[in-house]
>>> print(open('my_file_25.txt').read())   # compact mmCIF, C-alpha atoms
# COMPACT_ATOMS: atom_id res chain seq x y z
CA MET A 1 242.33 5.46 -122.07
CA THR A 2 240.22 8.57 -121.53
CA ALA A 3 241.71 11.93 -120.61
CA GLN A 4 240.24 11.55 -117.10
CA GLN A 5 241.84 8.10 -116.68
CA GLU A 6 245.18 9.45 -117.91
CA LEU A 7 244.99 12.29 -115.38
CA VAL A 8 244.18 9.88 -112.54
CA ARG A 9 247.10 7.61 -113.50
CA PHE A 10 249.40 10.64 -113.76
CA LEU A 11 248.40 11.82 -110.28
CA GLU A 12 248.64 8.34 -108.76
CA ASP A 13 252.11 7.80 -110.18
CA ARG A 14 253.14 11.29 -109.12
CA PHE A 15 251.99 10.54 -105.56
CA ALA A 16 253.73 7.14 -105.53
CA CYS A 17 256.95 8.77 -106.70
CA ALA A 18 256.68 11.47 -104.04
CA GLN A 19 256.10 8.83 -101.34
CA ALA A 20 259.12 6.84 -102.53
CA CYS A 21 261.21 10.01 -102.50
CA THR A 22 260.18 10.71 -98.91
CA THR A 23 261.02 7.15 -97.83
CA CYS A 24 264.38 7.28 -99.58
CA ALA A 25 265.26 10.67 -98.13
CA ARG A 26 264.38 9.46 -94.62
CA ALA A 27 266.52 6.33 -95.03
CA CYS A 28 269.47 8.38 -96.28
CA VAL A 29 269.21 10.92 -93.47
CA LEU A 30 269.06 8.14 -90.89
CA ARG A 31 272.10 6.49 -92.50
CA VAL A 32 274.03 9.77 -92.27
CA SER A 33 272.97 10.34 -88.66
CA ARG A 34 274.49 6.98 -87.72
CA SER A 35 277.77 7.66 -89.50
CA ASP A 36 280.92 9.04 -87.96
CA PRO A 37 281.85 12.51 -89.32
CA ASP A 38 285.53 11.58 -88.94
CA ALA A 39 285.14 8.29 -90.77
CA THR A 40 287.24 6.63 -93.45
CA ASP A 41 287.28 7.82 -97.04
CA HIS A 42 284.68 5.25 -98.10
CA GLU A 43 282.36 6.18 -95.25
CA ALA A 44 282.78 9.85 -96.17
CA VAL A 45 281.71 9.02 -99.73
CA VAL A 46 278.68 7.15 -98.40
CA ARG A 47 277.82 10.14 -96.23
CA ARG A 48 278.10 12.61 -99.14
CA LYS A 49 276.08 10.40 -101.50
CA ALA A 50 273.38 9.82 -98.91
CA LEU A 51 273.11 13.55 -98.16
CA LEU A 52 272.88 14.38 -101.87
CA CYS A 53 270.28 11.66 -102.36
CA ALA A 54 268.20 12.97 -99.46
CA GLU A 55 268.36 16.52 -100.82
CA VAL A 56 267.42 15.49 -104.38
CA CYS A 57 264.59 13.26 -103.14
CA ASP A 58 263.30 16.07 -100.93
CA ALA A 59 263.40 18.55 -103.83
CA THR A 60 261.67 16.05 -106.10
CA CYS A 61 258.97 15.38 -103.53
CA ARG A 62 258.35 19.10 -103.08
CA MET A 63 258.13 19.58 -106.84
CA LEU A 64 255.71 16.68 -107.22
CA ALA A 65 253.58 18.05 -104.38
CA GLU A 66 252.94 21.27 -106.32
CA GLN A 67 249.56 20.33 -107.73
CA HIS A 68 249.44 23.28 -110.09
CA LEU A 69 252.78 22.31 -111.64
CA GLN A 70 252.06 20.51 -114.90
CA ASP A 71 255.30 21.41 -116.69
CA GLU A 72 256.07 17.92 -117.96
CA PRO A 73 259.60 18.64 -119.23
CA ALA A 74 260.56 20.04 -115.82
CA LEU A 75 258.91 17.13 -114.02
CA ARG A 76 260.70 14.65 -116.31
CA LEU A 77 264.06 16.34 -115.73
CA GLN A 78 263.61 16.33 -111.94
CA ALA A 79 262.45 12.70 -111.89
CA LYS A 80 265.36 11.65 -114.11
CA TRP A 81 267.83 13.46 -111.84
CA CYS A 82 266.29 11.79 -108.80
CA LEU A 83 266.42 8.37 -110.47
CA LEU A 84 270.11 8.72 -111.31
CA VAL A 85 271.10 10.01 -107.87
CA CYS A 86 269.14 7.22 -106.16
CA LEU A 87 270.78 4.52 -108.26
CA GLU A 88 274.21 5.98 -107.56
CA CYS A 89 273.48 6.13 -103.84
CA ALA A 90 272.18 2.55 -103.85
CA GLN A 91 275.38 1.40 -105.51
CA VAL A 92 277.50 3.10 -102.85
CA LEU A 93 275.30 1.73 -100.06
CA ASP A 94 275.70 -1.81 -101.42
CA ALA A 95 279.31 -1.74 -100.19
CA GLN A 96 278.24 -0.58 -96.72
CA PRO A 97 277.53 -3.35 -94.19
CA GLY A 98 274.01 -3.12 -92.78
CA ALA A 99 272.78 -0.71 -95.46
CA GLU A 100 270.72 -3.19 -97.49
CA ALA A 101 267.37 -1.65 -96.55
CA ASP A 102 268.63 1.86 -97.33
CA ALA A 103 269.96 0.73 -100.73
CA GLN A 104 266.59 -0.89 -101.43
CA ALA A 105 264.78 2.35 -100.55
CA CYS A 106 266.96 4.11 -103.13
CA ARG A 107 266.17 1.47 -105.76
CA ASP A 108 262.45 1.65 -104.96
CA CYS A 109 262.57 5.41 -105.43
CA ALA A 110 264.39 5.05 -108.76
CA ARG A 111 261.73 2.57 -109.91
CA ALA A 112 258.93 4.93 -108.83
CA CYS A 113 260.58 7.77 -110.77
CA THR A 114 260.81 5.53 -113.85
CA GLU A 115 257.14 4.57 -113.55
CA PHE A 116 256.15 8.20 -113.11
CA MET A 117 258.13 9.31 -116.16
CA ALA A 118 256.26 6.68 -118.20
CA THR A 119 253.03 8.62 -117.57
CA LEU A 120 254.47 11.82 -119.02
CA ASN A 121 254.00 12.67 -122.68
>>> encode(input="my_file_25.txt", output="structure tokens")
Amino acid sequence: MTAQQELVRFLEDRFACAQACTTCARACVLRVSRSDPDATDHEAVVRRKALLCAEVCDATCRMLAEQHLQDEPALRLQAKWCLLVCLECAQVLDAQPGAEADAQACRDCARACTEFMATLN
């Protein structure tokens, strides 16, 4: 693969990861907006995990959007953090009735982060 092809793949995967982060963050925020602030302990955990996931996905998306940022160790660390938070959130959402699509958005984001990290040296 030429250097130009590697750069194109890197940018495509970076964009796909950023899109997945945005989708996941939106799903988590919508999940939280539908939850009751005075809910049970489990629902409070879901709310906290979803808020954290939305914040991490948003931060990751913003970092990936910085076109001048080519610091691969920092990008890898952020993507890894996002992947782990998304998987944790998906696991919590699995126990929440009606949250299947939100859990899938988290898993899709984790997969996009994994694919993006594969393009890093």
>>> residues_around(input="my_file_25.txt", residues="region 88-105 of chain A", least_positions_apart="3", cutoff="7 Å", atoms="all atoms listed in the file", output="PyMOL selection string")
chain A and resi 23-24+27-28+46+49-50+53+84-85+108-109
>>> atom_distance(input="my_file_25.txt", atom1="CA of Leu11 (chain A)", atom2="CA of Ala112 (chain A)")
12.7 Å
>>> closest_residue(input="my_file_25.txt", among="A:Arg48, A:Arg107, A:His42, A:Arg14", to="Thr60 (chain A)", atoms="only C-alpha atoms")
A:Arg14
>>> closest_residue(input="my_file_25.txt", among="A:Val32, A:Pro73, A:Leu83, A:Met63", to="Val45 (chain A)", atoms="all atoms listed in the file")
A:Val32
>>> atom_distance(input="my_file_25.txt", atom1="CA of Cys57 (chain A)", atom2="CA of Cys86 (chain A)")
8.1 Å
>>> atom_distance(input="my_file_25.txt", atom1="CA of Cys17 (chain A)", atom2="CA of Phe116 (chain A)")
6.5 Å
>>> closest_residue(input="my_file_25.txt", among="A:Leu87, A:Ala3, A:Leu77, A:Cys21", to="Val56 (chain A)", atoms="all atoms listed in the file")
A:Cys21
>>> closest_residue(input="my_file_25.txt", among="A:Ala110, A:Ala25, A:Ala54, A:Leu120", to="Phe10 (chain A)", atoms="only C-alpha atoms")
A:Leu120
>>> closest_residue(input="my_file_25.txt", among="A:Gln70, A:Thr22, A:Ser33, A:Thr40", to="Cys82 (chain A)", atoms="all atoms listed in the file")
A:Thr22
>>> closest_residue(input="my_file_25.txt", among="A:Thr119, A:Thr114, A:Gln78, A:Ser35", to="Glu12 (chain A)", atoms="all atoms listed in the file")
A:Thr119
>>> decode(input="my_file_25.txt", residues="region 65-79 of chain A", atoms="all heavy atoms", output="PDB file, in the first residue's frame")
ATOM      1  N   ALA A  65     -11.950  15.024  14.700  1.00  0.00           N
ATOM      2  CA  ALA A  65     -12.256  16.084  13.746  1.00  0.00           C
ATOM      3  C   ALA A  65     -11.099  17.063  13.566  1.00  0.00           C
ATOM      4  O   ALA A  65     -11.065  17.807  12.585  1.00  0.00           O
ATOM      5  CB  ALA A  65     -13.508  16.838  14.181  1.00  0.00           C
ATOM      6  N   GLU A  66     -10.171  17.073  14.493  1.00  0.00           N
ATOM      7  CA  GLU A  66      -9.008  17.961  14.379  1.00  0.00           C
ATOM      8  C   GLU A  66      -8.076  17.411  13.299  1.00  0.00           C
ATOM      9  O   GLU A  66      -7.287  16.508  13.547  1.00  0.00           O
ATOM     10  CB  GLU A  66      -8.267  18.046  15.717  1.00  0.00           C
ATOM     11  CG  GLU A  66      -9.061  18.709  16.807  1.00  0.00           C
ATOM     12  CD  GLU A  66      -9.287  20.180  16.546  1.00  0.00           C
ATOM     13  OE1 GLU A  66      -8.411  20.843  15.954  1.00  0.00           O
ATOM     14  OE2 GLU A  66     -10.360  20.675  16.937  1.00  0.00           O
ATOM     15  N   GLN A  67      -8.188  17.954  12.109  1.00  0.00           N
ATOM     16  CA  GLN A  67      -7.442  17.410  10.979  1.00  0.00           C
ATOM     17  C   GLN A  67      -5.930  17.540  11.136  1.00  0.00           C
ATOM     18  O   GLN A  67      -5.180  16.734  10.626  1.00  0.00           O
ATOM     19  CB  GLN A  67      -7.892  18.071   9.689  1.00  0.00           C
ATOM     20  CG  GLN A  67      -9.304  17.671   9.340  1.00  0.00           C
ATOM     21  CD  GLN A  67      -9.725  18.203   7.997  1.00  0.00           C
ATOM     22  OE1 GLN A  67      -8.932  18.783   7.260  1.00  0.00           O
ATOM     23  NE2 GLN A  67     -10.980  18.011   7.666  1.00  0.00           N
ATOM     24  N   HIS A  68      -5.492  18.533  11.871  1.00  0.00           N
ATOM     25  CA  HIS A  68      -4.060  18.714  12.037  1.00  0.00           C
ATOM     26  C   HIS A  68      -3.484  17.762  13.084  1.00  0.00           C
ATOM     27  O   HIS A  68      -2.277  17.596  13.178  1.00  0.00           O
ATOM     28  CB  HIS A  68      -3.736  20.168  12.409  1.00  0.00           C
ATOM     29  CG  HIS A  68      -4.189  20.533  13.792  1.00  0.00           C
ATOM     30  ND1 HIS A  68      -5.494  20.852  14.066  1.00  0.00           N
ATOM     31  CD2 HIS A  68      -3.518  20.584  14.966  1.00  0.00           C
ATOM     32  CE1 HIS A  68      -5.607  21.107  15.366  1.00  0.00           C
ATOM     33  NE2 HIS A  68      -4.431  20.951  15.933  1.00  0.00           N
ATOM     34  N   LEU A  69      -4.350  17.127  13.861  1.00  0.00           N
ATOM     35  CA  LEU A  69      -3.887  16.247  14.923  1.00  0.00           C
ATOM     36  C   LEU A  69      -3.490  14.895  14.347  1.00  0.00           C
ATOM     37  O   LEU A  69      -4.324  14.136  13.888  1.00  0.00           O
ATOM     38  CB  LEU A  69      -4.973  16.060  15.988  1.00  0.00           C
ATOM     39  CG  LEU A  69      -4.573  15.216  17.195  1.00  0.00           C
ATOM     40  CD1 LEU A  69      -3.380  15.826  17.931  1.00  0.00           C
ATOM     41  CD2 LEU A  69      -5.741  15.076  18.135  1.00  0.00           C
ATOM     42  N   GLN A  70      -2.213  14.615  14.350  1.00  0.00           N
ATOM     43  CA  GLN A  70      -1.702  13.350  13.843  1.00  0.00           C
ATOM     44  C   GLN A  70      -0.933  12.606  14.932  1.00  0.00           C
ATOM     45  O   GLN A  70      -0.141  11.722  14.636  1.00  0.00           O
ATOM     46  CB  GLN A  70      -0.782  13.594  12.638  1.00  0.00           C
ATOM     47  CG  GLN A  70      -1.464  14.258  11.464  1.00  0.00           C
ATOM     48  CD  GLN A  70      -2.554  13.399  10.848  1.00  0.00           C
ATOM     49  OE1 GLN A  70      -2.446  12.195  10.774  1.00  0.00           O
ATOM     50  NE2 GLN A  70      -3.631  14.030  10.415  1.00  0.00           N
ATOM     51  N   ASP A  71      -1.137  12.965  16.177  1.00  0.00           N
ATOM     52  CA  ASP A  71      -0.466  12.327  17.301  1.00  0.00           C
ATOM     53  C   ASP A  71      -1.077  10.948  17.510  1.00  0.00           C
ATOM     54  O   ASP A  71      -2.072  10.798  18.218  1.00  0.00           O
ATOM     55  CB  ASP A  71      -0.613  13.210  18.546  1.00  0.00           C
ATOM     56  CG  ASP A  71       0.082  12.633  19.765  1.00  0.00           C
ATOM     57  OD1 ASP A  71       0.772  11.602  19.650  1.00  0.00           O
ATOM     58  OD2 ASP A  71      -0.089  13.221  20.845  1.00  0.00           O
ATOM     59  N   GLU A  72      -0.489   9.939  16.881  1.00  0.00           N
ATOM     60  CA  GLU A  72      -1.087   8.609  16.897  1.00  0.00           C
ATOM     61  C   GLU A  72      -1.214   8.005  18.293  1.00  0.00           C
ATOM     62  O   GLU A  72      -2.237   7.387  18.588  1.00  0.00           O
ATOM     63  CB  GLU A  72      -0.347   7.679  15.940  1.00  0.00           C
ATOM     64  CG  GLU A  72      -0.638   8.051  14.494  1.00  0.00           C
ATOM     65  CD  GLU A  72      -0.151   7.038  13.490  1.00  0.00           C
ATOM     66  OE1 GLU A  72       0.229   5.917  13.877  1.00  0.00           O
ATOM     67  OE2 GLU A  72      -0.166   7.374  12.300  1.00  0.00           O
ATOM     68  N   PRO A  73      -0.242   8.171  19.183  1.00  0.00           N
ATOM     69  CA  PRO A  73      -0.455   7.626  20.532  1.00  0.00           C
ATOM     70  C   PRO A  73      -1.664   8.252  21.236  1.00  0.00           C
ATOM     71  O   PRO A  73      -2.428   7.551  21.896  1.00  0.00           O
ATOM     72  CB  PRO A  73       0.853   7.950  21.262  1.00  0.00           C
ATOM     73  CG  PRO A  73       1.881   8.023  20.175  1.00  0.00           C
ATOM     74  CD  PRO A  73       1.142   8.639  19.008  1.00  0.00           C
ATOM     75  N   ALA A  74      -1.853   9.549  21.076  1.00  0.00           N
ATOM     76  CA  ALA A  74      -3.007  10.208  21.695  1.00  0.00           C
ATOM     77  C   ALA A  74      -4.305   9.750  21.044  1.00  0.00           C
ATOM     78  O   ALA A  74      -5.302   9.499  21.734  1.00  0.00           O
ATOM     79  CB  ALA A  74      -2.874  11.729  21.587  1.00  0.00           C
ATOM     80  N   LEU A  75      -4.308   9.614  19.726  1.00  0.00           N
ATOM     81  CA  LEU A  75      -5.496   9.129  19.033  1.00  0.00           C
ATOM     82  C   LEU A  75      -5.822   7.698  19.457  1.00  0.00           C
ATOM     83  O   LEU A  75      -6.980   7.355  19.677  1.00  0.00           O
ATOM     84  CB  LEU A  75      -5.287   9.183  17.515  1.00  0.00           C
ATOM     85  CG  LEU A  75      -5.270  10.573  16.886  1.00  0.00           C
ATOM     86  CD1 LEU A  75      -4.830  10.484  15.432  1.00  0.00           C
ATOM     87  CD2 LEU A  75      -6.633  11.228  16.991  1.00  0.00           C
ATOM     88  N   ARG A  76      -4.806   6.857  19.582  1.00  0.00           N
ATOM     89  CA  ARG A  76      -5.008   5.468  20.000  1.00  0.00           C
ATOM     90  C   ARG A  76      -5.585   5.418  21.418  1.00  0.00           C
ATOM     91  O   ARG A  76      -6.521   4.671  21.690  1.00  0.00           O
ATOM     92  CB  ARG A  76      -3.694   4.686  19.941  1.00  0.00           C
ATOM     93  CG  ARG A  76      -3.849   3.221  20.360  1.00  0.00           C
ATOM     94  CD  ARG A  76      -2.535   2.461  20.275  1.00  0.00           C
ATOM     95  NE  ARG A  76      -1.994   2.447  18.954  1.00  0.00           N
ATOM     96  CZ  ARG A  76      -2.419   1.675  17.947  1.00  0.00           C
ATOM     97  NH1 ARG A  76      -3.430   0.865  18.147  1.00  0.00           N
ATOM     98  NH2 ARG A  76      -1.847   1.717  16.770  1.00  0.00           N
ATOM     99  N   LEU A  77      -5.038   6.216  22.305  1.00  0.00           N
ATOM    100  CA  LEU A  77      -5.512   6.238  23.691  1.00  0.00           C
ATOM    101  C   LEU A  77      -6.976   6.688  23.761  1.00  0.00           C
ATOM    102  O   LEU A  77      -7.787   6.073  24.453  1.00  0.00           O
ATOM    103  CB  LEU A  77      -4.627   7.156  24.532  1.00  0.00           C
ATOM    104  CG  LEU A  77      -4.930   7.210  26.018  1.00  0.00           C
ATOM    105  CD1 LEU A  77      -4.739   5.850  26.664  1.00  0.00           C
ATOM    106  CD2 LEU A  77      -4.026   8.234  26.686  1.00  0.00           C
ATOM    107  N   GLN A  78      -7.325   7.725  23.031  1.00  0.00           N
ATOM    108  CA  GLN A  78      -8.703   8.223  23.029  1.00  0.00           C
ATOM    109  C   GLN A  78      -9.645   7.175  22.435  1.00  0.00           C
ATOM    110  O   GLN A  78     -10.723   6.925  22.981  1.00  0.00           O
ATOM    111  CB  GLN A  78      -8.804   9.535  22.248  1.00  0.00           C
ATOM    112  CG  GLN A  78     -10.176  10.160  22.287  1.00  0.00           C
ATOM    113  CD  GLN A  78     -10.543  10.717  23.652  1.00  0.00           C
ATOM    114  OE1 GLN A  78      -9.699  11.216  24.381  1.00  0.00           O
ATOM    115  NE2 GLN A  78     -11.815  10.634  23.998  1.00  0.00           N
ATOM    116  N   ALA A  79      -9.247   6.570  21.319  1.00  0.00           N
ATOM    117  CA  ALA A  79     -10.097   5.557  20.681  1.00  0.00           C
ATOM    118  C   ALA A  79     -10.264   4.339  21.583  1.00  0.00           C
ATOM    119  O   ALA A  79     -11.354   3.767  21.673  1.00  0.00           O
ATOM    120  CB  ALA A  79      -9.523   5.154  19.329  1.00  0.00           C
TER     121      ALA A  79
END
